[in-house]
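Heads up, work16.pdb below (PDB, C-alpha atoms):
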ATOM      1  CA  ASP D   1       8.758  -5.495 -12.471
ATOM      2  CA  THR D   2       6.913  -2.462 -11.147
ATOM      3  CA  GLU D   3       5.446  -0.059 -13.642
ATOM      4  CA  VAL D   4       5.760   2.770 -11.153
ATOM      5  CA  THR D   5       9.326   4.060 -11.068
ATOM      6  CA  GLN D   6      10.696   6.048  -8.169
ATOM      7  CA  THR D   7      14.001   7.882  -8.013
ATOM      8  CA  PRO D   8      16.267   7.983  -6.200
ATOM      9  CA  LYS D   9      16.139   4.638  -4.401
ATOM     10  CA  HIS D  10      18.098   6.027  -1.470
ATOM     11  CA  LEU D  11      18.576   9.600  -0.287
ATOM     12  CA  VAL D  12      20.541  11.053   2.593
ATOM     13  CA  MET D  13      20.034  14.729   3.316
ATOM     14  CA  GLY D  14      20.793  17.254   5.977
ATOM     15  CA  MET D  15      18.128  19.285   7.696
ATOM     16  CA  THR D  16      18.968  22.389   5.677
ATOM     17  CA  ASN D  17      18.976  20.694   2.276
ATOM     18  CA  LYS D  18      16.380  20.894  -0.449
ATOM     19  CA  LYS D  19      15.763  17.709  -2.413
ATOM     20  CA  SER D  20      13.046  16.157  -4.539
ATOM     21  CA  LEU D  21      11.637  12.677  -4.894
ATOM     22  CA  LYS D  22      10.346  11.656  -8.303
ATOM     23  CA  CYS D  23       7.718   9.170  -9.399
ATOM     24  CA  GLU D  24       6.743   8.197 -12.921
ATOM     25  CA  GLN D  25       4.114   5.848 -14.328
ATOM     26  CA  HIS D  26       3.126   5.026 -17.885
ATOM     27  CA  MET D  27      -0.011   3.002 -17.251
ATOM     28  CA  GLY D  28      -2.317   5.883 -18.130
ATOM     29  CA  HIS D  29      -3.466   6.215 -14.543
ATOM     30  CA  ARG D  30      -4.963   9.564 -13.553
ATOM     31  CA  ALA D  31      -4.599   9.269  -9.769
ATOM     32  CA  MET D  32      -1.230   9.354  -8.028
ATOM     33  CA  TYR D  33      -0.364   9.050  -4.366
ATOM     34  CA  TRP D  34       2.430   9.689  -1.900
ATOM     35  CA  TYR D  35       2.715   7.516   1.194
ATOM     36  CA  LYS D  36       5.162   7.619   4.096
ATOM     37  CA  GLN D  37       6.112   4.356   5.780
ATOM     38  CA  LYS D  38       8.071   4.107   9.002
ATOM     39  CA  ALA D  39       9.804   0.865   9.941
ATOM     40  CA  LYS D  40       7.417  -1.906  10.958
ATOM     41  CA  LYS D  41       4.394   0.274  10.296
ATOM     42  CA  PRO D  42       1.842   0.350   7.482
ATOM     43  CA  PRO D  43       1.997   3.058   4.825
ATOM     44  CA  GLU D  44       0.389   6.367   5.764
ATOM     45  CA  LEU D  45      -1.287   8.397   3.060
ATOM     46  CA  MET D  46       0.193  11.873   2.543
ATOM     47  CA  PHE D  47      -1.223  13.257  -0.721
ATOM     48  CA  VAL D  48      -3.477  12.224  -3.583
ATOM     49  CA  TYR D  49      -3.626  13.834  -7.003
ATOM     50  CA  SER D  50      -6.554  13.122  -9.271
ATOM     51  CA  TYR D  51      -6.401  14.405 -12.836
ATOM     52  CA  GLU D  52      -3.337  16.473 -11.870
ATOM     53  CA  LYS D  53      -5.214  18.295  -9.103
ATOM     54  CA  LEU D  54      -4.491  17.870  -5.417
ATOM     55  CA  SER D  55      -7.410  15.883  -4.072
ATOM     56  CA  ILE D  56      -6.278  14.849  -0.600
ATOM     57  CA  ASN D  57      -3.731  16.382   1.747
ATOM     58  CA  GLU D  58      -3.599  14.475   5.003
ATOM     59  CA  SER D  59      -2.474  17.466   7.074
ATOM     60  CA  VAL D  60       1.126  16.983   6.026
ATOM     61  CA  PRO D  61       3.654  19.602   7.259
ATOM     62  CA  SER D  62       4.533  22.276   4.728
ATOM     63  CA  ARG D  63       8.152  21.087   4.557
ATOM     64  CA  PHE D  64       6.702  18.452   2.182
ATOM     65  CA  SER D  65       5.466  19.999  -1.046
ATOM     66  CA  PRO D  66       3.895  17.797  -3.742
ATOM     67  CA  GLU D  67       3.747  18.630  -7.406
ATOM     68  CA  CYS D  68       2.069  16.879 -10.337
ATOM     69  CA  PRO D  69       3.456  18.426 -13.548
ATOM     70  CA  ASN D  70       1.518  16.040 -15.809
ATOM     71  CA  SER D  71      -0.470  12.839 -15.668
ATOM     72  CA  SER D  72       2.642  10.643 -15.642
ATOM     73  CA  LEU D  73       4.808  12.447 -13.125
ATOM     74  CA  LEU D  74       4.592  13.126  -9.428
ATOM     75  CA  ASN D  75       7.206  14.942  -7.384
ATOM     76  CA  LEU D  76       7.669  15.458  -3.679
ATOM     77  CA  HIS D  77       9.811  18.465  -2.802
ATOM     78  CA  LEU D  78      11.560  18.316   0.550
ATOM     79  CA  HIS D  79      12.869  21.263   2.532
ATOM     80  CA  ALA D  80      14.059  21.701   6.107
ATOM     81  CA  LEU D  81      13.196  18.153   7.073
ATOM     82  CA  GLN D  82      13.587  16.728  10.545
ATOM     83  CA  PRO D  83      15.277  13.457  11.523
ATOM     84  CA  GLU D  84      11.840  11.984  12.307
ATOM     85  CA  ASP D  85      10.969  12.377   8.612
ATOM     86  CA  SER D  86      13.366   9.533   7.843
ATOM     87  CA  ALA D  87      11.228   6.804   6.292
ATOM     88  CA  LEU D  88      10.391   4.907   3.134
ATOM     89  CA  TYR D  89       8.397   7.121   0.765
ATOM     90  CA  LEU D  90       6.142   5.207  -1.570
ATOM     91  CA  CYS D  91       4.440   6.418  -4.698
ATOM     92  CA  ALA D  92       1.375   4.705  -6.132
ATOM     93  CA  SER D  93      -0.976   5.185  -9.037
ATOM     94  CA  SER D  94      -4.471   4.043  -9.960
ATOM     95  CA  GLN D  95      -7.386   4.931 -12.112
ATOM     96  CA  PRO D  96      -9.902   7.057 -10.225
ATOM     97  CA  GLY D  97     -13.290   5.454  -9.657
ATOM     98  CA  GLN D  98     -14.879   2.180  -8.798
ATOM     99  CA  GLY D  99     -14.227  -1.333  -9.888
ATOM    100  CA  ARG D 100     -10.886  -2.648 -10.877
ATOM    101  CA  LYS D 101      -9.793   0.932 -11.447
ATOM    102  CA  ASN D 102      -9.108   1.574  -7.787
ATOM    103  CA  ILE D 103      -6.273  -0.917  -7.488
ATOM    104  CA  GLN D 104      -3.195   1.023  -6.483
ATOM    105  CA  TYR D 105       0.124   0.010  -7.985
ATOM    106  CA  PHE D 106       3.160   0.923  -5.948
ATOM    107  CA  GLY D 107       6.729   1.828  -6.728
ATOM    108  CA  ALA D 108       9.695   0.379  -4.839
ATOM    109  CA  GLY D 109      10.033   3.513  -2.770
ATOM    110  CA  THR D 110      12.744   5.977  -1.789
ATOM    111  CA  ARG D 111      14.508   5.307   1.507
ATOM    112  CA  LEU D 112      15.133   8.723   3.004
ATOM    113  CA  SER D 113      17.520   9.439   5.847
ATOM    114  CA  VAL D 114      17.589  12.912   7.384
ATOM    115  CA  LEU D 115      20.711  13.678   9.384
TER     116      LEU D 115
ATOM    117  CA  ALA J   1     -15.089   4.752  11.456
ATOM    118  CA  GLN J   2     -13.111   2.452   9.209
ATOM    119  CA  LYS J   3     -10.545   0.105  10.627
ATOM    120  CA  VAL J   4      -8.538  -2.947   9.611
ATOM    121  CA  THR J   5      -7.133  -5.283  12.229
ATOM    122  CA  GLN J   6      -4.410  -7.816  11.628
ATOM    123  CA  ALA J   7      -3.973  -9.369  15.021
ATOM    124  CA  GLN J   8      -0.966 -11.497  14.063
ATOM    125  CA  THR J   9       2.168  -9.378  14.245
ATOM    126  CA  GLU J  10       4.624 -12.084  13.201
ATOM    127  CA  ILE J  11       4.229 -15.671  12.075
ATOM    128  CA  SER J  12       7.056 -18.126  11.622
ATOM    129  CA  VAL J  13       6.568 -21.399   9.736
ATOM    130  CA  VAL J  14       8.727 -24.064   8.187
ATOM    131  CA  GLU J  15       8.706 -24.423   4.437
ATOM    132  CA  LYS J  16       5.789 -26.478   3.040
ATOM    133  CA  GLU J  17       3.550 -25.666   5.986
ATOM    134  CA  ASP J  18       0.202 -23.998   5.327
ATOM    135  CA  VAL J  19      -0.328 -20.623   6.952
ATOM    136  CA  THR J  20      -3.380 -18.380   7.346
ATOM    137  CA  LEU J  21      -3.161 -14.628   7.828
ATOM    138  CA  ASP J  22      -6.167 -13.096   9.539
ATOM    139  CA  CYS J  23      -7.845  -9.814   8.680
ATOM    140  CA  VAL J  24     -10.890  -8.257  10.331
ATOM    141  CA  TYR J  25     -12.336  -4.989   9.131
ATOM    142  CA  GLU J  26     -14.863  -2.371  10.254
ATOM    143  CA  THR J  27     -16.792  -0.039   7.987
ATOM    144  CA  ARG J  28     -20.208   1.573   7.795
ATOM    145  CA  ASP J  29     -20.119   1.682   4.012
ATOM    146  CA  THR J  30     -22.255  -0.838   2.160
ATOM    147  CA  THR J  31     -19.923  -0.748  -0.820
ATOM    148  CA  TYR J  32     -16.234  -1.150  -0.198
ATOM    149  CA  TYR J  33     -13.184  -2.983  -1.434
ATOM    150  CA  LEU J  34     -10.751  -5.196   0.396
ATOM    151  CA  PHE J  35      -7.194  -5.840  -0.679
ATOM    152  CA  TRP J  36      -4.164  -7.874   0.221
ATOM    153  CA  TYR J  37      -0.708  -6.545  -0.556
ATOM    154  CA  LYS J  38       2.672  -8.208  -0.094
ATOM    155  CA  GLN J  39       5.750  -6.171   0.852
ATOM    156  CA  PRO J  40       9.026  -8.047   0.417
ATOM    157  CA  PRO J  41      12.255  -6.640   1.881
ATOM    158  CA  SER J  42      12.807  -4.659  -1.329
ATOM    159  CA  GLY J  43      10.020  -2.332  -0.186
ATOM    160  CA  GLU J  44       7.547  -2.343  -3.038
ATOM    161  CA  LEU J  45       3.961  -3.231  -2.178
ATOM    162  CA  VAL J  46       2.733  -5.902  -4.549
ATOM    163  CA  PHE J  47      -0.983  -6.171  -5.215
ATOM    164  CA  LEU J  48      -2.299  -9.695  -4.593
ATOM    165  CA  ILE J  49      -6.089  -9.557  -4.663
ATOM    166  CA  ARG J  50      -9.093  -7.242  -4.529
ATOM    167  CA  ARG J  51     -12.605  -8.132  -3.393
ATOM    168  CA  ASN J  52     -15.674  -5.922  -3.484
ATOM    169  CA  SER J  53     -18.290  -6.063  -0.783
ATOM    170  CA  PHE J  54     -20.839  -7.780  -3.014
ATOM    171  CA  ASP J  55     -18.573 -10.628  -3.986
ATOM    172  CA  GLU J  56     -18.242 -13.203  -1.227
ATOM    173  CA  GLN J  57     -16.867 -15.882  -3.480
ATOM    174  CA  ASN J  58     -13.696 -17.393  -2.178
ATOM    175  CA  GLU J  59     -10.783 -17.368  -4.545
ATOM    176  CA  ILE J  60      -7.847 -19.607  -5.196
ATOM    177  CA  SER J  61      -4.816 -18.565  -7.189
ATOM    178  CA  GLY J  62      -2.082 -21.148  -7.230
ATOM    179  CA  ARG J  63      -0.893 -21.607  -3.646
ATOM    180  CA  TYR J  64      -2.884 -18.575  -2.467
ATOM    181  CA  SER J  65      -6.512 -18.605  -1.367
ATOM    182  CA  TRP J  66      -8.776 -16.020   0.204
ATOM    183  CA  ASN J  67     -11.841 -16.461   2.394
ATOM    184  CA  PHE J  68     -14.174 -13.432   2.528
ATOM    185  CA  GLN J  69     -17.011 -13.581   5.051
ATOM    186  CA  LYS J  70     -19.184 -10.502   5.488
ATOM    187  CA  SER J  71     -20.979 -12.061   8.444
ATOM    188  CA  THR J  72     -17.774 -11.947  10.475
ATOM    189  CA  SER J  73     -16.197  -8.988   8.636
ATOM    190  CA  SER J  74     -13.182 -11.099   7.830
ATOM    191  CA  PHE J  75     -10.994 -11.478   4.773
ATOM    192  CA  ASN J  76      -8.420 -14.151   5.546
ATOM    193  CA  PHE J  77      -5.522 -15.201   3.366
ATOM    194  CA  THR J  78      -4.049 -18.705   3.231
ATOM    195  CA  ILE J  79      -0.765 -19.747   1.686
ATOM    196  CA  THR J  80      -0.566 -23.466   0.988
ATOM    197  CA  ALA J  81       2.804 -25.228   1.014
ATOM    198  CA  SER J  82       4.672 -22.061   1.961
ATOM    199  CA  GLN J  83       8.031 -21.271   0.388
ATOM    200  CA  VAL J  84      10.954 -19.147   1.547
ATOM    201  CA  VAL J  85      10.069 -16.586  -1.138
ATOM    202  CA  ASP J  86       6.774 -16.011   0.651
ATOM    203  CA  SER J  87       8.671 -14.327   3.486
ATOM    204  CA  ALA J  88       7.400 -10.751   3.549
ATOM    205  CA  VAL J  89       5.035  -8.400   5.321
ATOM    206  CA  TYR J  90       1.448  -8.845   4.250
ATOM    207  CA  PHE J  91      -1.035  -5.998   4.516
ATOM    208  CA  CYS J  92      -4.791  -6.240   4.431
ATOM    209  CA  ALA J  93      -6.456  -3.003   3.332
ATOM    210  CA  LEU J  94      -9.879  -1.411   2.974
ATOM    211  CA  VAL J  95     -10.767   1.220   0.391
ATOM    212  CA  ASN J  96     -13.763   3.511   0.696
ATOM    213  CA  THR J  97     -16.292   3.968  -2.065
ATOM    214  CA  GLY J  98     -14.451   7.026  -3.359
ATOM    215  CA  GLY J  99     -11.516   4.795  -4.051
ATOM    216  CA  PHE J 100      -8.718   7.069  -2.891
ATOM    217  CA  LYS J 101      -8.139   6.587   0.797
ATOM    218  CA  THR J 102      -6.766   3.178   1.700
ATOM    219  CA  ILE J 103      -6.964   2.010   5.296
ATOM    220  CA  PHE J 104      -4.141  -0.452   5.936
ATOM    221  CA  GLY J 105      -3.927  -2.984   8.714
ATOM    222  CA  ALA J 106      -0.764  -3.045  10.784
ATOM    223  CA  GLY J 107       0.643  -5.879   8.701
ATOM    224  CA  THR J 108       1.691  -9.441   9.453
ATOM    225  CA  ARG J 109       5.347 -10.325   9.051
ATOM    226  CA  LEU J 110       5.694 -13.873   7.732
ATOM    227  CA  PHE J 111       8.955 -15.787   8.093
ATOM    228  CA  VAL J 112       9.250 -19.014   6.151
ATOM    229  CA  LYS J 113      12.266 -21.076   7.145
ATOM    230  CA  ALA J 114      13.904 -23.607   4.862
TER     231      ALA J 114
END
Structure rendered as structure tokens:
Amino acid sequence: DTEVTQTPKHLVMGMTNKKSLKCEQHMGHRAMYWYKQKAKKPPELMFVYSYEKLSINESVPSRFSPECPNSSLLNLHLHALQPEDSALYLCASSQPGQGRKNIQYFGAGTRLSVL
Amino acid sequence: AQKVTQAQTEISVVEKEDVTLDCVYETRDTTYYLFWYKQPPSGELVFLIRRNSFDEQNEISGRYSWNFQKSTSSFNFTITASQVVDSAVYFCALVNTGGFKTIFGAGTRLFVKA
């Protein structure tokens, strides 16, 4: 069983809706990630938080807004999405740094459909 | 530039066959990490193995084995006596020395038929 929990598992939203994706981990990891994965494609990195600070933003449109309220939680706030934003959104966590620490552990993802 | 190439898009085998998934990578870093992840239909990426650039030892874990060769920039993955439960998409990945940005290959979809 994954130790990274994502909710909801499925989400359908209209283009004018505001929704949030949630991710939680209790492994004591201090780096957390959001990835977007389209069908039959590899995951694409969106954001990285390290020690609750935004470390990487891969030029993601502002309609995606990440938030890291504490070391265990990561949110992704969604607003005014487009149908092409429909995808599987994966959360991951790791310990920052070298060695075994940089293994990323993934959640099961949220399947998002934008109508 | 960093790049991971998985030339095999889809592989189909019959149960109990051995299958090798190829991975070739490019990086200018002298220190880096290579990974294999499995993604079953449920969606979660499952960590399988990590290798650092200084460790060229091959590894065997049950039915899984990995062959890392720096000379050819390859990190291939073999499943021995495949099972239906091995059906999934397998991703090879490269992580830079900072440890945050993961470069994924395109993935190889493995179908194991009973």
Need the shell around Val85 of chain J: protein/DNA/RNA residues with any atom at most 12 Å away, counting only C-alpha atoms. Skip same-chain ones fewer than 6 positions apart. Format as a short mmCIF file (atom, residue, chain, number, x, y, z; two decimals) with C-alpha atoms, in the frame of the given file?
data_model
loop_
_atom_site.label_atom_id
_atom_site.label_comp_id
_atom_site.auth_asym_id
_atom_site.auth_seq_id
_atom_site.Cartn_x
_atom_site.Cartn_y
_atom_site.Cartn_z
CA GLU J 15 8.71 -24.42 4.44
CA LYS J 16 5.79 -26.48 3.04
CA LYS J 38 2.67 -8.21 -0.09
CA GLN J 39 5.75 -6.17 0.85
CA PRO J 40 9.03 -8.05 0.42
CA PRO J 41 12.26 -6.64 1.88
CA ILE J 79 -0.76 -19.75 1.69
CA LEU J 110 5.69 -13.87 7.73
CA PHE J 111 8.96 -15.79 8.09
CA VAL J 112 9.25 -19.01 6.15
CA LYS J 113 12.27 -21.08 7.14
CA ALA J 114 13.90 -23.61 4.86
#
**Request:** Please provide the set of residues having any atom within 9 Å of segment 43-56 of chain J, restricted to all atoms listed in the file, with same-chain residues fewer than 3 positions apart removed, written as a PyMOL selection string.
**Result:** (chain D and resi 2+88+90+99-100+103-110) or (chain J and resi 30-40+66-70+75+90-91)
**Request:** Specify as an NGL selection string each residue included when the PyMOL selection byres ((chain D) within 12 of (chain J)) is applied to this file.
**Result:** :D and (1-6 or 9-10 or 30-50 or 54-58 or 87-111)
**Request:** May I ask for the distance between atom CA of Leu115 of chain D and atom CA of Met15 of chain D, given in Å to one decimal place?
**Result:**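 Taking atom CA of Leu115 of chain D and atom CA of Met15 of chain D, their separation equals 6.4 Å.
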**Request:** May I have the residues at most 12 Å from (18.2, 11.9, -5.7) in the file's coordinates, counting all atoms listed in the file, as number ranges by chain?
**Result:** D: 6-13, 17-23, 75-78, 110-113
**Request:** Dig up all the protein and nucleic acid residues within 6 Å of (0.4, -22.6, 0.8) in the file frame, using all atoms listed in the file, and format them as a count of residues only.
**Result:** 6
**Request:** Could you check how far atom CA of Asp85 of chain D sits from atom CA of Ser59 of chain D, in Å to one decimal?
**Result:**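 Distance reported for this atom pair: 14.5 Å.
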**Item:** Length of the atom CA of Thr27 of chain J to atom CA of Ala88 of chain J vector [Å]
**Value:**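 So the answer is 26.8 Å.
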From the coordinates supplied, segment 98-110 of chain J should be written with all heavy atoms, as a CSV table (one decimal), in the first residue's frame.
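part_27.csv written:
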chain,number,residue,atom,x,y,z
J,98,GLY,N,21.1,17.2,-7.9
J,98,GLY,CA,20.3,17.9,-6.9
J,98,GLY,C,19.1,17.0,-6.3
J,98,GLY,O,18.6,17.3,-5.3
J,99,GLY,N,18.8,16.0,-7.1
J,99,GLY,CA,17.8,15.1,-6.6
J,99,GLY,C,16.4,15.4,-6.7
J,99,GLY,O,15.5,14.7,-6.2
J,100,PHE,N,16.0,16.5,-7.4
J,100,PHE,CA,14.6,16.9,-7.5
J,100,PHE,C,14.0,16.6,-8.8
J,100,PHE,O,12.9,16.0,-8.9
J,100,PHE,CB,14.4,18.4,-7.2
J,100,PHE,CG,14.5,18.8,-5.8
J,100,PHE,CD1,15.1,20.0,-5.4
J,100,PHE,CD2,14.1,17.9,-4.8
J,100,PHE,CE1,15.2,20.4,-4.1
J,100,PHE,CE2,14.2,18.3,-3.4
J,100,PHE,CZ,14.7,19.5,-3.1
J,101,LYS,N,14.7,16.9,-9.9
J,101,LYS,CA,14.1,16.8,-11.2
J,101,LYS,C,14.4,15.5,-11.8
J,101,LYS,O,15.5,15.1,-12.0
J,101,LYS,CB,14.6,17.9,-12.1
J,101,LYS,CG,13.9,18.0,-13.4
J,101,LYS,CD,14.1,19.3,-14.1
J,101,LYS,CE,13.2,19.4,-15.4
J,101,LYS,NZ,13.3,20.7,-16.0
J,102,THR,N,13.3,14.7,-12.0
J,102,THR,CA,13.4,13.4,-12.6
J,102,THR,C,13.1,13.4,-14.1
J,102,THR,O,12.1,14.0,-14.5
J,102,THR,CB,12.4,12.4,-11.9
J,102,THR,OG1,12.7,12.4,-10.5
J,102,THR,CG2,12.5,11.0,-12.5
J,103,ILE,N,14.0,12.9,-14.9
J,103,ILE,CA,13.8,12.8,-16.3
J,103,ILE,C,13.3,11.4,-16.6
J,103,ILE,O,14.0,10.4,-16.4
J,103,ILE,CB,15.1,13.0,-17.1
J,103,ILE,CG1,15.7,14.3,-16.6
J,103,ILE,CG2,14.8,13.1,-18.6
J,103,ILE,CD1,14.9,15.6,-16.8
J,104,PHE,N,12.1,11.2,-17.0
J,104,PHE,CA,11.5,9.9,-17.3
J,104,PHE,C,11.7,9.6,-18.8
J,104,PHE,O,11.6,10.5,-19.7
J,104,PHE,CB,10.0,9.9,-17.0
J,104,PHE,CG,9.6,9.9,-15.6
J,104,PHE,CD1,9.4,11.0,-14.8
J,104,PHE,CD2,9.5,8.6,-14.9
J,104,PHE,CE1,9.1,11.0,-13.5
J,104,PHE,CE2,9.2,8.6,-13.6
J,104,PHE,CZ,9.0,9.8,-12.9
J,105,GLY,N,11.9,8.3,-19.1
J,105,GLY,CA,11.7,7.8,-20.4
J,105,GLY,C,10.3,7.8,-20.8
J,105,GLY,O,9.4,8.0,-20.0
J,106,ALA,N,10.0,7.5,-22.0
J,106,ALA,CA,8.6,7.4,-22.5
J,106,ALA,C,7.8,6.3,-22.0
J,106,ALA,O,6.6,6.3,-22.1
J,106,ALA,CB,8.6,7.4,-24.1
J,107,GLY,N,8.5,5.3,-21.5
J,107,GLY,CA,7.8,4.1,-20.9
J,107,GLY,C,7.7,3.0,-21.9
J,107,GLY,O,7.6,3.2,-23.1
J,108,THR,N,7.7,1.8,-21.3
J,108,THR,CA,7.5,0.6,-22.1
J,108,THR,C,6.3,-0.1,-21.5
J,108,THR,O,6.2,-0.5,-20.4
J,108,THR,CB,8.7,-0.4,-22.1
J,108,THR,OG1,9.8,0.3,-22.7
J,108,THR,CG2,8.4,-1.7,-22.9
J,109,ARG,N,5.3,-0.4,-22.4
J,109,ARG,CA,4.1,-1.0,-21.9
J,109,ARG,C,4.3,-2.5,-22.1
J,109,ARG,O,4.5,-3.0,-23.3
J,109,ARG,CB,2.8,-0.6,-22.7
J,109,ARG,CG,1.5,-1.1,-22.2
J,109,ARG,CD,0.3,-0.5,-22.9
J,109,ARG,NE,0.3,1.0,-22.6
J,109,ARG,CZ,-0.4,1.5,-21.6
J,109,ARG,NH1,-1.1,0.7,-20.8
J,109,ARG,NH2,-0.4,2.8,-21.5
J,110,LEU,N,4.2,-3.3,-21.1
J,110,LEU,CA,4.4,-4.7,-21.1
J,110,LEU,C,3.1,-5.5,-20.9
J,110,LEU,O,2.4,-5.2,-20.0
J,110,LEU,CB,5.4,-5.2,-20.0
J,110,LEU,CG,5.6,-6.7,-19.9
J,110,LEU,CD1,6.3,-7.3,-21.1
J,110,LEU,CD2,6.4,-7.0,-18.6
